[in-house]
>>> print(open('target30.pdb').read())   # PDB, C-alpha atoms (C1' of nucleotides)
ATOM      1  CA  MET A1490     -48.111  25.877  22.365
ATOM      2  CA  LYS A1491     -50.246  25.040  19.343
ATOM      3  CA  GLU A1492     -52.056  28.389  19.535
ATOM      4  CA  ASN A1493     -48.798  30.280  19.973
ATOM      5  CA  LEU A1494     -47.278  28.590  16.994
ATOM      6  CA  GLN A1495     -50.241  29.424  14.845
ATOM      7  CA  GLU A1496     -49.863  33.101  15.731
ATOM      8  CA  TYR A1497     -46.152  32.894  15.212
ATOM      9  CA  LEU A1498     -46.466  31.293  11.780
ATOM     10  CA  LYS A1499     -48.989  33.921  10.747
ATOM     11  CA  SER A1500     -46.553  36.684  11.690
ATOM     12  CA  LYS A1501     -44.084  35.097   9.281
ATOM     13  CA  ASN A1502     -46.610  34.685   6.476
ATOM     14  CA  LEU A1503     -46.586  30.943   6.992
ATOM     15  CA  LYS A1504     -49.791  28.956   7.006
ATOM     16  CA  PHE A1505     -50.864  26.549   9.712
ATOM     17  CA  THR A1506     -51.994  23.721   7.459
ATOM     18  CA  LYS A1507     -53.356  20.316   8.342
ATOM     19  CA  ASN A1508     -50.051  18.673   7.374
ATOM     20  CA  ARG A1509     -48.042  20.991   9.570
ATOM     21  CA  LYS A1510     -50.399  20.417  12.457
ATOM     22  CA  ILE A1511     -50.081  16.632  12.176
ATOM     23  CA  ILE A1512     -46.293  16.763  11.852
ATOM     24  CA  LEU A1513     -46.117  19.089  14.835
ATOM     25  CA  GLU A1514     -48.122  16.647  16.931
ATOM     26  CA  TYR A1515     -45.706  13.876  15.982
ATOM     27  CA  ILE A1516     -42.748  16.036  17.004
ATOM     28  CA  ASN A1517     -44.289  17.029  20.303
ATOM     29  CA  GLU A1518     -45.084  13.483  21.313
ATOM     30  CA  LYS A1519     -41.868  11.805  20.204
ATOM     31  CA  LYS A1520     -39.324  11.421  22.990
ATOM     32  CA  GLU A1521     -36.495   9.947  20.918
ATOM     33  CA  PRO A1522     -34.737  11.614  17.985
ATOM     34  CA  PHE A1523     -36.477  10.802  14.695
ATOM     35  CA  THR A1524     -35.884  11.013  10.950
ATOM     36  CA  ALA A1525     -38.041  12.354   8.113
ATOM     37  CA  GLU A1526     -38.608   8.741   7.113
ATOM     38  CA  ASP A1527     -39.846   7.907  10.637
ATOM     39  CA  ILE A1528     -42.528  10.573  10.341
ATOM     40  CA  TYR A1529     -43.435   9.435   6.841
ATOM     41  CA  ARG A1530     -43.879   5.805   7.846
ATOM     42  CA  THR A1531     -45.742   6.592  11.045
ATOM     43  CA  LEU A1532     -48.277   8.813   9.308
ATOM     44  CA  LEU A1533     -48.551   6.663   6.184
ATOM     45  CA  HIS A1534     -51.641   4.788   7.251
ATOM     46  CA  ASP A1535     -53.871   7.488   8.710
ATOM     47  CA  HIS A1536     -52.570  10.722   7.190
ATOM     48  CA  PRO A1537     -50.178  10.042   4.329
ATOM     49  CA  ILE A1538     -47.941  13.053   3.667
ATOM     50  CA  ASN A1539     -45.478  13.274   0.812
ATOM     51  CA  LEU A1540     -41.839  12.964   1.850
ATOM     52  CA  SER A1541     -40.970  16.278   0.158
ATOM     53  CA  THR A1542     -43.587  17.997   2.239
ATOM     54  CA  ILE A1543     -42.170  16.446   5.375
ATOM     55  CA  TYR A1544     -38.673  17.621   4.522
ATOM     56  CA  ARG A1545     -39.940  21.094   3.709
ATOM     57  CA  THR A1546     -41.873  21.262   6.954
ATOM     58  CA  LEU A1547     -38.910  20.062   8.993
ATOM     59  CA  ASN A1548     -36.743  22.756   7.453
ATOM     60  CA  ILE A1549     -39.278  25.448   8.242
ATOM     61  CA  PHE A1550     -39.531  24.205  11.827
ATOM     62  CA  LEU A1551     -35.739  24.166  12.052
ATOM     63  CA  GLU A1552     -35.436  27.751  10.843
ATOM     64  CA  ASN A1553     -37.969  28.814  13.400
ATOM     65  CA  ASN A1554     -36.403  26.967  16.330
ATOM     66  CA  ILE A1555     -39.360  24.680  16.822
ATOM     67  CA  LEU A1556     -37.088  21.773  15.975
ATOM     68  CA  GLN A1557     -33.403  20.953  16.329
ATOM     69  CA  LYS A1558     -31.089  18.722  14.338
ATOM     70  CA  THR A1559     -29.575  16.327  16.843
ATOM     71  CA  ALA A1560     -27.505  13.874  14.844
ATOM     72  CA  GLU A1561     -26.319  12.829  11.422
ATOM     73  CA  ILE A1562     -25.726   9.083  11.195
ATOM     74  CA  ASP A1563     -24.758   7.272   8.009
ATOM     75  CA  GLY A1564     -26.095  10.070   5.875
ATOM     76  CA  VAL A1565     -29.395  10.380   7.733
ATOM     77  CA  LEU A1566     -30.509  13.401   9.729
ATOM     78  CA  TYR A1567     -32.105  13.012  13.170
ATOM     79  CA  PHE A1568     -34.324  15.679  14.679
ATOM     80  CA  GLN A1569     -35.927  16.436  18.025
ATOM     81  CA  LYS A1570     -38.278  19.014  19.415
ATOM     82  CA  MET A1571     -36.338  22.054  20.550
ATOM     83  CA  GLU A1572     -35.972  21.729  24.304
ATOM     84  CA  LYS A1573     -35.014  24.364  26.795
ATOM     85  CA  LYS A1574     -32.968  21.572  28.334
ATOM     86  CA  HIS A1575     -29.566  20.887  26.854
ATOM     87  CA  GLN A1576     -29.466  17.289  25.581
ATOM     88  CA  HIS A1577     -27.249  14.745  23.885
ATOM     89  CA  GLN A1578     -27.672  11.305  22.309
ATOM     90  CA  LEU A1579     -26.745   7.716  22.911
ATOM     91  CA  ILE A1580     -26.768   5.645  19.739
ATOM     92  CA  CYS A1581     -26.750   1.856  19.422
ATOM     93  CA  SER A1582     -24.115   0.870  16.854
ATOM     94  CA  ASN A1583     -26.036  -2.266  16.087
ATOM     95  CA  CYS A1584     -29.728  -1.359  15.722
ATOM     96  CA  LYS A1585     -29.145   2.417  15.305
ATOM     97  CA  SER A1586     -31.708   3.269  17.958
ATOM     98  CA  VAL A1587     -31.115   6.652  19.525
ATOM     99  CA  ILE A1588     -32.030   7.777  23.047
ATOM    100  CA  PRO A1589     -31.581  11.227  24.550
ATOM    101  CA  ILE A1590     -29.474  11.842  27.639
ATOM    102  CA  GLU A1591     -29.446  14.836  29.923
ATOM    103  CA  ASN A1592     -26.833  16.495  32.102
ATOM    104  CA  CYS A1593     -23.748  17.731  30.344
ATOM    105  CA  PRO A1594     -20.493  18.666  32.000
ATOM    106  CA  LEU A1595     -19.137  20.499  28.990
ATOM    107  CA  SER A1596     -20.290  24.080  29.298
ATOM    108  CA  GLU A1597     -17.522  24.731  31.793
ATOM    109  CA  TRP A1598     -14.972  23.629  29.275
ATOM    110  CA  LYS A1599     -16.186  26.131  26.716
ATOM    111  CA  GLU A1600     -14.412  29.223  27.967
ATOM    112  CA  SER A1601     -10.978  27.696  28.212
ATOM    113  CA  LEU A1602     -11.419  26.353  24.713
ATOM    114  CA  GLU A1603     -12.396  29.769  23.373
ATOM    115  CA  THR A1604      -9.299  31.277  24.898
ATOM    116  CA  SER A1605      -6.964  28.645  23.544
ATOM    117  CA  THR A1606      -8.380  28.533  20.002
ATOM    118  CA  GLY A1607      -9.616  32.077  19.320
ATOM    119  CA  TYR A1608     -12.953  30.646  18.167
ATOM    120  CA  GLU A1609     -16.279  31.940  19.334
ATOM    121  CA  ILE A1610     -18.057  28.741  20.313
ATOM    122  CA  THR A1611     -21.798  28.809  19.828
ATOM    123  CA  SER A1612     -22.822  25.194  20.345
ATOM    124  CA  HIS A1613     -21.617  21.675  20.743
ATOM    125  CA  HIS A1614     -22.796  18.258  19.726
ATOM    126  CA  LEU A1615     -22.042  15.102  21.641
ATOM    127  CA  GLU A1616     -22.874  11.521  20.738
ATOM    128  CA  PHE A1617     -22.124   8.387  22.665
ATOM    129  CA  ARG A1618     -22.091   5.072  20.813
ATOM    130  CA  GLY A1619     -22.317   1.556  22.059
ATOM    131  CA  LEU A1620     -24.713  -1.336  22.409
ATOM    132  CA  CYS A1621     -28.215  -0.952  23.762
ATOM    133  CA  PRO A1622     -29.393  -3.522  26.341
ATOM    134  CA  LYS A1623     -31.235  -5.589  23.671
ATOM    135  CA  CYS A1624     -28.311  -5.790  21.262
ATOM    136  CA  LYS A1625     -25.919  -6.477  24.135
ATOM    137  CA  LYS A1626     -27.931  -9.616  24.944
ATOM    138  CA  LYS A1627     -27.895 -10.909  21.382
ATOM    139  CA  LYS A1628     -24.097 -10.932  21.166
TER     140      LYS A1628
ATOM    141  CA  MET B1367       5.197   3.311   9.657
ATOM    142  CA  LYS B1368       5.178   2.956   5.892
ATOM    143  CA  GLU B1369       7.169  -0.293   6.057
ATOM    144  CA  ASN B1370       4.958  -1.664   8.818
ATOM    145  CA  LEU B1371       1.858  -0.879   6.846
ATOM    146  CA  GLN B1372       3.207  -2.624   3.791
ATOM    147  CA  GLU B1373       3.815  -5.780   5.859
ATOM    148  CA  TYR B1374       0.448  -5.424   7.450
ATOM    149  CA  LEU B1375      -1.386  -5.057   4.163
ATOM    150  CA  LYS B1376       0.427  -8.069   2.780
ATOM    151  CA  SER B1377      -0.739 -10.176   5.710
ATOM    152  CA  LYS B1378      -4.290  -9.244   4.758
ATOM    153  CA  ASN B1379      -3.821  -9.963   1.051
ATOM    154  CA  LEU B1380      -3.991  -6.267   0.314
ATOM    155  CA  LYS B1381      -1.591  -4.673  -2.124
ATOM    156  CA  PHE B1382       0.523  -1.644  -1.415
ATOM    157  CA  THR B1383      -0.152   0.184  -4.655
ATOM    158  CA  LYS B1384       1.053   3.562  -5.810
ATOM    159  CA  ASN B1385      -2.391   5.069  -5.216
ATOM    160  CA  ARG B1386      -2.563   3.769  -1.685
ATOM    161  CA  LYS B1387       0.908   5.069  -0.965
ATOM    162  CA  ILE B1388       0.040   8.555  -2.183
ATOM    163  CA  ILE B1389      -3.233   8.651  -0.266
ATOM    164  CA  LEU B1390      -1.437   7.436   2.843
ATOM    165  CA  GLU B1391       1.093  10.239   2.559
ATOM    166  CA  TYR B1392      -1.730  12.747   2.314
ATOM    167  CA  ILE B1393      -3.339  11.297   5.433
ATOM    168  CA  ASN B1394      -0.111  11.313   7.402
ATOM    169  CA  GLU B1395       0.678  14.915   6.621
ATOM    170  CA  LYS B1396      -2.773  16.390   7.059
ATOM    171  CA  LYS B1397      -3.366  17.833  10.512
ATOM    172  CA  GLU B1398      -7.007  18.824  10.037
ATOM    173  CA  PRO B1399      -9.890  16.475   9.314
ATOM    174  CA  PHE B1400     -10.401  16.023   5.563
ATOM    175  CA  THR B1401     -12.951  14.667   3.099
ATOM    176  CA  ALA B1402     -12.608  12.310   0.142
ATOM    177  CA  GLU B1403     -13.107  15.336  -2.088
ATOM    178  CA  ASP B1404     -10.230  17.145  -0.352
ATOM    179  CA  ILE B1405      -7.883  14.318  -1.250
ATOM    180  CA  TYR B1406      -9.204  14.185  -4.784
ATOM    181  CA  ARG B1407      -8.719  17.894  -5.411
ATOM    182  CA  THR B1408      -5.310  18.025  -3.770
ATOM    183  CA  LEU B1409      -3.934  15.150  -5.835
ATOM    184  CA  LEU B1410      -5.711  16.132  -9.043
ATOM    185  CA  HIS B1411      -2.792  17.991 -10.554
ATOM    186  CA  ASP B1412       0.163  15.711  -9.851
ATOM    187  CA  HIS B1413      -1.379  12.285  -9.262
ATOM    188  CA  PRO B1414      -5.013  12.216 -10.306
ATOM    189  CA  ILE B1415      -6.865   9.352  -8.618
ATOM    190  CA  ASN B1416     -10.440   8.426  -9.344
ATOM    191  CA  LEU B1417     -12.882   9.355  -6.601
ATOM    192  CA  SER B1418     -14.153   5.770  -6.373
ATOM    193  CA  THR B1419     -10.646   4.605  -5.712
ATOM    194  CA  ILE B1420     -10.249   7.199  -2.996
ATOM    195  CA  TYR B1421     -13.461   6.118  -1.311
ATOM    196  CA  ARG B1422     -12.462   2.469  -1.557
ATOM    197  CA  THR B1423      -9.038   3.198  -0.117
ATOM    198  CA  LEU B1424     -10.480   5.240   2.740
ATOM    199  CA  ASN B1425     -12.807   2.398   3.612
ATOM    200  CA  ILE B1426      -9.969  -0.099   3.641
ATOM    201  CA  PHE B1427      -7.908   2.213   5.856
ATOM    202  CA  LEU B1428     -10.895   2.640   8.135
ATOM    203  CA  GLU B1429     -11.402  -1.092   8.518
ATOM    204  CA  ASN B1430      -7.747  -1.475   9.373
ATOM    205  CA  ASN B1431      -7.645   1.338  11.924
ATOM    206  CA  ILE B1432      -5.219   3.405   9.923
ATOM    207  CA  LEU B1433      -7.908   6.054   9.641
ATOM    208  CA  GLN B1434     -10.839   7.242  11.719
ATOM    209  CA  LYS B1435     -14.113   8.903  10.796
ATOM    210  CA  THR B1436     -14.254  12.094  12.815
ATOM    211  CA  ALA B1437     -17.349  13.939  11.670
ATOM    212  CA  GLU B1438     -20.331  13.952   9.382
ATOM    213  CA  ILE B1439     -21.345  17.475   8.392
ATOM    214  CA  ASP B1440     -24.107  18.283   5.914
ATOM    215  CA  GLY B1441     -23.919  14.811   4.396
ATOM    216  CA  VAL B1442     -20.137  14.776   4.051
ATOM    217  CA  LEU B1443     -17.772  12.469   5.927
ATOM    218  CA  TYR B1444     -14.597  13.812   7.539
ATOM    219  CA  PHE B1445     -11.604  11.595   8.275
ATOM    220  CA  GLN B1446      -8.347  11.829  10.168
ATOM    221  CA  LYS B1447      -5.335   9.661  10.722
ATOM    222  CA  MET B1448      -5.949   7.313  13.647
ATOM    223  CA  GLU B1449      -4.207   8.853  16.628
ATOM    224  CA  LYS B1450      -3.358   7.205  19.889
ATOM    225  CA  LYS B1451      -4.544  10.471  21.389
ATOM    226  CA  HIS B1452      -8.248  10.932  21.943
ATOM    227  CA  GLN B1453      -9.417  13.955  19.897
ATOM    228  CA  HIS B1454     -12.454  16.029  19.039
ATOM    229  CA  GLN B1455     -13.292  18.755  16.544
ATOM    230  CA  LEU B1456     -14.098  22.418  16.420
ATOM    231  CA  ILE B1457     -16.035  23.402  13.305
ATOM    232  CA  CYS B1458     -16.589  26.879  11.922
ATOM    233  CA  SER B1459     -20.292  27.288  11.096
ATOM    234  CA  ASN B1460     -19.436  29.851   8.476
ATOM    235  CA  CYS B1461     -16.483  28.522   6.430
ATOM    236  CA  LYS B1462     -16.840  24.875   7.561
ATOM    237  CA  SER B1463     -13.159  24.638   8.462
ATOM    238  CA  VAL B1464     -12.450  21.986  11.046
ATOM    239  CA  ILE B1465      -9.648  21.917  13.615
ATOM    240  CA  PRO B1466      -8.830  19.148  16.061
ATOM    241  CA  ILE B1467      -8.822  19.718  19.809
ATOM    242  CA  GLU B1468      -7.262  17.606  22.506
ATOM    243  CA  ASN B1469      -8.072  16.931  26.145
ATOM    244  CA  CYS B1470     -11.469  15.486  26.870
ATOM    245  CA  PRO B1471     -13.169  15.439  30.234
ATOM    246  CA  LEU B1472     -15.772  12.902  29.222
ATOM    247  CA  SER B1473     -14.317   9.501  29.936
ATOM    248  CA  GLU B1474     -15.169   9.913  33.591
ATOM    249  CA  TRP B1475     -18.777  10.425  32.710
ATOM    250  CA  LYS B1476     -18.961   7.167  30.807
ATOM    251  CA  GLU B1477     -19.422   4.790  33.718
ATOM    252  CA  SER B1478     -22.263   6.633  35.366
ATOM    253  CA  LEU B1479     -23.974   6.780  31.998
ATOM    254  CA  GLU B1480     -23.578   3.040  31.461
ATOM    255  CA  THR B1481     -25.159   2.378  34.833
ATOM    256  CA  SER B1482     -28.099   4.687  34.271
ATOM    257  CA  THR B1483     -28.889   3.558  30.707
ATOM    258  CA  GLY B1484     -27.902  -0.118  30.577
ATOM    259  CA  TYR B1485     -25.933   0.571  27.397
ATOM    260  CA  GLU B1486     -22.402  -0.621  26.866
ATOM    261  CA  ILE B1487     -20.691   2.534  25.637
ATOM    262  CA  THR B1488     -17.849   1.970  23.212
ATOM    263  CA  SER B1489     -17.078   5.462  21.946
ATOM    264  CA  HIS B1490     -18.193   9.032  21.843
ATOM    265  CA  HIS B1491     -18.111  11.847  19.356
ATOM    266  CA  LEU B1492     -17.970  15.490  20.297
ATOM    267  CA  GLU B1493     -18.115  18.526  18.039
ATOM    268  CA  PHE B1494     -17.983  22.158  18.997
ATOM    269  CA  ARG B1495     -19.354  24.729  16.573
ATOM    270  CA  GLY B1496     -18.799  28.411  16.337
ATOM    271  CA  LEU B1497     -16.915  31.043  14.376
ATOM    272  CA  CYS B1498     -13.235  30.764  13.612
ATOM    273  CA  PRO B1499     -11.076  33.864  14.174
ATOM    274  CA  LYS B1500     -11.222  34.828  10.468
ATOM    275  CA  CYS B1501     -14.999  34.544  10.133
ATOM    276  CA  LYS B1502     -15.444  36.304  13.487
ATOM    277  CA  LYS B1503     -13.647  39.345  12.070
ATOM    278  CA  LYS B1504     -15.767  39.478   8.914
ATOM    279  CA  LYS B1505     -19.022  39.819  10.838
TER     280      LYS B1505
ATOM    281  C1'  DG C 276       0.035 -16.113 -13.824
ATOM    282  C1'  DT C 277      -3.493 -14.872 -10.784
ATOM    283  C1'  DA C 278      -5.633 -12.287  -7.332
ATOM    284  C1'  DT C 279      -6.308  -7.729  -6.228
ATOM    285  C1'  DC C 280      -6.891  -2.759  -7.925
ATOM    286  C1'  DT C 281      -8.460   0.753 -10.777
ATOM    287  C1'  DG C 282     -11.212   3.786 -13.774
ATOM    288  C1'  DC C 283     -15.436   4.408 -15.712
ATOM    289  C1'  DA C 284     -20.208   4.615 -15.791
ATOM    290  C1'  DA C 285     -24.100   3.593 -13.574
ATOM    291  C1'  DA C 286     -26.686   2.831  -9.147
ATOM    292  C1'  DA C 287     -28.135   3.929  -4.659
ATOM    293  C1'  DG C 288     -29.990   6.568  -0.923
ATOM    294  C1'  DA C 289     -31.180  10.984   1.420
ATOM    295  C1'  DT C 290     -32.576  15.396   0.515
ATOM    296  C1'  DT C 291     -33.971  19.339  -2.525
ATOM    297  C1'  DT C 292     -36.330  21.655  -6.255
ATOM    298  C1'  DG C 293     -39.530  23.125 -10.333
ATOM    299  C1'  DC C 294     -43.906  23.245 -11.507
ATOM    300  C1'  DA C 295     -48.896  23.073 -11.878
ATOM    301  C1'  DG C 296     -52.844  22.478  -9.199
ATOM    302  C1'  DC C 297     -54.844  23.053  -4.292
ATOM    303  C1'  DA C 298     -56.018  25.203   0.049
ATOM    304  C1'  DA C 299     -55.726  28.710   3.781
ATOM    305  C1'  DG C 300     -56.875  33.133   5.270
TER     306       DG C 300
ATOM    307  C1'  DC D 597     -58.802  35.996  -4.710
ATOM    308  C1'  DT D 598     -54.088  35.793  -3.766
ATOM    309  C1'  DT D 599     -50.170  33.888  -1.602
ATOM    310  C1'  DG D 600     -48.342  30.119   0.173
ATOM    311  C1'  DC D 601     -48.546  24.813   0.345
ATOM    312  C1'  DT D 602     -48.564  20.232  -1.663
ATOM    313  C1'  DG D 603     -47.709  16.167  -4.522
ATOM    314  C1'  DC D 604     -45.303  14.457  -8.151
ATOM    315  C1'  DA D 605     -41.357  13.663 -10.832
ATOM    316  C1'  DA D 606     -37.006  14.866 -11.696
ATOM    317  C1'  DA D 607     -32.592  16.755 -10.061
ATOM    318  C1'  DT D 608     -28.785  16.886  -6.815
ATOM    319  C1'  DC D 609     -25.118  15.389  -3.991
ATOM    320  C1'  DT D 610     -22.222  12.071  -1.673
ATOM    321  C1'  DT D 611     -20.969   7.507  -1.566
ATOM    322  C1'  DT D 612     -21.108   2.693  -3.402
ATOM    323  C1'  DT D 613     -20.969  -0.920  -6.864
ATOM    324  C1'  DG D 614     -20.390  -3.913 -11.291
ATOM    325  C1'  DC D 615     -17.418  -4.804 -14.653
ATOM    326  C1'  DA D 616     -13.532  -5.222 -17.832
ATOM    327  C1'  DG D 617      -8.913  -4.063 -18.280
ATOM    328  C1'  DA D 618      -4.478  -3.012 -15.612
ATOM    329  C1'  DT D 619      -1.075  -3.869 -11.975
ATOM    330  C1'  DA D 620       1.319  -5.891  -7.946
ATOM    331  C1'  DC D 621       3.764  -9.669  -6.326
TER     332       DC D 621
END
>>> encode(input="target30.pdb", output="structure tokens")
Amino acid sequence: MKENLQEYLKSKNLKFTKNRKIILEYINEKKEPFTAEDIYRTLLHDHPINLSTIYRTLNIFLENNILQKTAEIDGVLYFQKMEKKHQHQLICSNCKSVIPIENCPLSEWKESLETSTGYEITSHHLEFRGLCPKCKKKK
Amino acid sequence: MKENLQEYLKSKNLKFTKNRKIILEYINEKKEPFTAEDIYRTLLHDHPINLSTIYRTLNIFLENNILQKTAEIDGVLYFQKMEKKHQHQLICSNCKSVIPIENCPLSEWKESLETSTGYEITSHHLEFRGLCPKCKKKK
DNA sequence: GTATCTGCAAAAGATTTGCAGCAAG
DNA sequence: CTTGCTGCAAATCTTTTGCAGATAC
């Protein structure tokens, strides 16, 4: 993957810099959706990278389908590695933690919706909200 | 509804001011999800209301379940009158218009998800994206 | 009258941008 | 060496907040 990306970036006149490499590693390892701030704070100690650079890198990765935007919660964007697998999120209303969920019964619904609305539907976004096991205990 | 609300607000030590009445009328008439800015611009000519006041009013209506937050798109909040009916949205990626859709096959999925994750799920949010009939033609 | 509302201006928080120096190829 | 990347500071955009005067009841 890393080698492929490097080739790919070159073909787009983009450079495979140290920062991009480190951010990419973060993205590849992280199972849960994350924010720009999450990356910033995680890397702060060993490889501090300016927040602007992180945002710029995330946008480049988004444009090139290396990354996907998976949620927007209280004005904050959440990202995840682009997966072949279709995924959605489960968000804790209390601690704002986000976990991914798989399986999705919605694709079947798509066609009937296209017929009834006249829209051409290209994607959907689904979020469940509730209390995670930890926050459930505290109440 | 208007009379009930007035009683209700009184019981909460909230006043039924002219501004709140006008904003409420907007909310009741508007079929599509709307933003604070939408209200501001619509009322600007006949009943200009300060944006802060609009935001404050929306938040009060939210807390009192007169209004619901239905989407968050590119950093902007979308609201709709609280409906008994469960609803979701269909958003045009091109012109950003939003229309509500009814029927939702997801409630059945909730229980199995609660079992598998340990979360207590309280709500879900679903958005479809695509091209509306107008924008489809232009392409 | 007095508690709540409102407009205004300023603050806050996430994200973007301009620019001058730095690094990759 | 040349083009693209980075850090920094400042700008931007939506939403929130503090405050002093206005309004509802």
>>> residues_around(input="target30.pdb", residues="stretch 598-615 of chain D", least_positions_apart="3", cutoff="7 Å", atoms="only C-alpha atoms (C1' of nucleotides)", output="list of chain:residue names")
A:Asn1539, A:Thr1542, B:Gly1441, B:Val1442
>>> residues_around(input="target30.pdb", residues="B:Pro1466", least_positions_apart="6", cutoff="9 Å", atoms="all atoms listed in the file", output="list in words")
Lys1397, Glu1398, Pro1399, Gln1453, His1454, Gln1455, Leu1456 and Ile1457 of chain B
>>> interface_residues(input="target30.pdb", of="chain A", to="chain D", cutoff="12 Å", atoms="only C-alpha atoms (C1' of nucleotides)", output="PDB file with C-alpha atoms, in the frame of the given file")
ATOM      1  CA  LEU A1498     -46.466  31.293  11.780  1.00  0.00           C
ATOM      2  CA  LYS A1499     -48.989  33.921  10.747  1.00  0.00           C
ATOM      3  CA  LYS A1501     -44.084  35.097   9.281  1.00  0.00           C
ATOM      4  CA  ASN A1502     -46.610  34.685   6.476  1.00  0.00           C
ATOM      5  CA  LEU A1503     -46.586  30.943   6.992  1.00  0.00           C
ATOM      6  CA  LYS A1504     -49.791  28.956   7.006  1.00  0.00           C
ATOM      7  CA  PHE A1505     -50.864  26.549   9.712  1.00  0.00           C
ATOM      8  CA  THR A1506     -51.994  23.721   7.459  1.00  0.00           C
ATOM      9  CA  LYS A1507     -53.356  20.316   8.342  1.00  0.00           C
ATOM     10  CA  ASN A1508     -50.051  18.673   7.374  1.00  0.00           C
ATOM     11  CA  ARG A1509     -48.042  20.991   9.570  1.00  0.00           C
ATOM     12  CA  PRO A1537     -50.178  10.042   4.329  1.00  0.00           C
ATOM     13  CA  ILE A1538     -47.941  13.053   3.667  1.00  0.00           C
ATOM     14  CA  ASN A1539     -45.478  13.274   0.812  1.00  0.00           C
ATOM     15  CA  LEU A1540     -41.839  12.964   1.850  1.00  0.00           C
ATOM     16  CA  SER A1541     -40.970  16.278   0.158  1.00  0.00           C
ATOM     17  CA  THR A1542     -43.587  17.997   2.239  1.00  0.00           C
ATOM     18  CA  ILE A1543     -42.170  16.446   5.375  1.00  0.00           C
ATOM     19  CA  TYR A1544     -38.673  17.621   4.522  1.00  0.00           C
ATOM     20  CA  ARG A1545     -39.940  21.094   3.709  1.00  0.00           C
ATOM     21  CA  THR A1546     -41.873  21.262   6.954  1.00  0.00           C
ATOM     22  CA  ASP A1563     -24.758   7.272   8.009  1.00  0.00           C
ATOM     23  CA  GLY A1564     -26.095  10.070   5.875  1.00  0.00           C
ATOM     24  CA  VAL A1565     -29.395  10.380   7.733  1.00  0.00           C
TER      25      VAL A1565
END
>>> closest_atom_pairs(input="target30.pdb", of="chain B", to="chain A", cutoff="10 Å", atoms="only C-alpha atoms", output="CSV")
residue,atom,partner,partner_atom,distance
B:Ala1437,CA,A:Glu1561,CA,9.0
B:Glu1438,CA,A:Glu1561,CA,6.4
B:Ile1439,CA,A:Glu1561,CA,7.5
B:Asp1440,CA,A:Glu1561,CA,8.1
B:Gly1441,CA,A:Gly1564,CA,5.4
B:Val1442,CA,A:Gly1564,CA,7.8
B:Leu1443,CA,A:Gly1564,CA,8.7
B:His1454,CA,A:Leu1615,CA,10.0
B:Gln1455,CA,A:His1613,CA,9.8
B:Leu1456,CA,A:Ile1610,CA,8.4
B:Ile1457,CA,A:Ile1610,CA,9.0
B:Cys1458,CA,A:Tyr1608,CA,8.1
B:Ser1459,CA,A:Thr1611,CA,9.0
B:Ile1465,CA,A:Thr1606,CA,9.3
B:Ile1467,CA,A:Leu1602,CA,8.6
B:Glu1468,CA,A:Leu1602,CA,9.9
B:Cys1470,CA,A:Trp1598,CA,9.2
B:Pro1471,CA,A:Leu1595,CA,7.9
B:Leu1472,CA,A:Pro1594,CA,8.0
B:Trp1475,CA,A:Pro1594,CA,8.4
B:Lys1476,CA,A:Phe1617,CA,8.8
B:Leu1479,CA,A:Ile1590,CA,8.7
B:Glu1480,CA,A:Gly1619,CA,9.6
B:Ser1482,CA,A:Ile1590,CA,9.9
B:Thr1483,CA,A:Cys1621,CA,8.3
B:Gly1484,CA,A:Pro1622,CA,5.6
B:Tyr1485,CA,A:Cys1621,CA,4.6
B:Glu1486,CA,A:Leu1620,CA,5.1
B:Ile1487,CA,A:Gly1619,CA,4.0
B:Thr1488,CA,A:Gly1619,CA,4.6
B:Ser1489,CA,A:Arg1618,CA,5.2
B:His1490,CA,A:Phe1617,CA,4.1
B:His1491,CA,A:Glu1616,CA,5.0
B:Leu1492,CA,A:Leu1615,CA,4.3
B:Glu1493,CA,A:His1614,CA,5.0
B:Phe1494,CA,A:His1613,CA,4.1
B:Arg1495,CA,A:Ser1612,CA,5.1
B:Gly1496,CA,A:Ile1610,CA,4.1
B:Leu1497,CA,A:Glu1609,CA,5.1
B:Cys1498,CA,A:Tyr1608,CA,4.6
B:Pro1499,CA,A:Tyr1608,CA,5.5
B:Lys1500,CA,A:Tyr1608,CA,8.9
B:Cys1501,CA,A:Tyr1608,CA,9.2
B:Lys1502,CA,A:Glu1609,CA,7.3
>>> resolve_selection(input="target30.pdb", expression="the PyMOL selection byres ((chain C) within 8 of (chain B))", output="compact mmCIF listing (two decimals) with C-alpha atoms (C1' of nucleotides), keeping the file's coordinate frame")
# COMPACT_ATOMS: atom_id res chain seq x y z
C1' DT C 279 -6.31 -7.73 -6.23
C1' DT C 281 -8.46 0.75 -10.78
C1' DG C 282 -11.21 3.79 -13.77
>>> atom_distance(input="target30.pdb", atom1="atom CA of A:Ile1516", atom2="atom CA of A:Leu1556")
8.1 Å
>>> axis_aligned_box(input="target30.pdb", around="stretch 1422-1441 of chain B", padding_each_side="3 Å", output="JSON")
{"center_x": -14.7, "center_y": 8.4, "center_z": 5.6, "size_x": 24.9, "size_y": 25.8, "size_z": 20.4}
>>> atom_distance(input="target30.pdb", atom1="atom CA of A:Glu1518", atom2="atom C1' of C:DA299")
25.5 Å
>>> atom_distance(input="target30.pdb", atom1="atom CA of A:Tyr1515", atom2="atom CA of A:Lys1574")
19.3 Å
>>> closest_residue(input="target30.pdb", among="B:Ile1388, B:Lys1504, B:Arg1407, B:Ile1426", to="B:Cys1461", atoms="all atoms listed in the file")
B:Lys1504
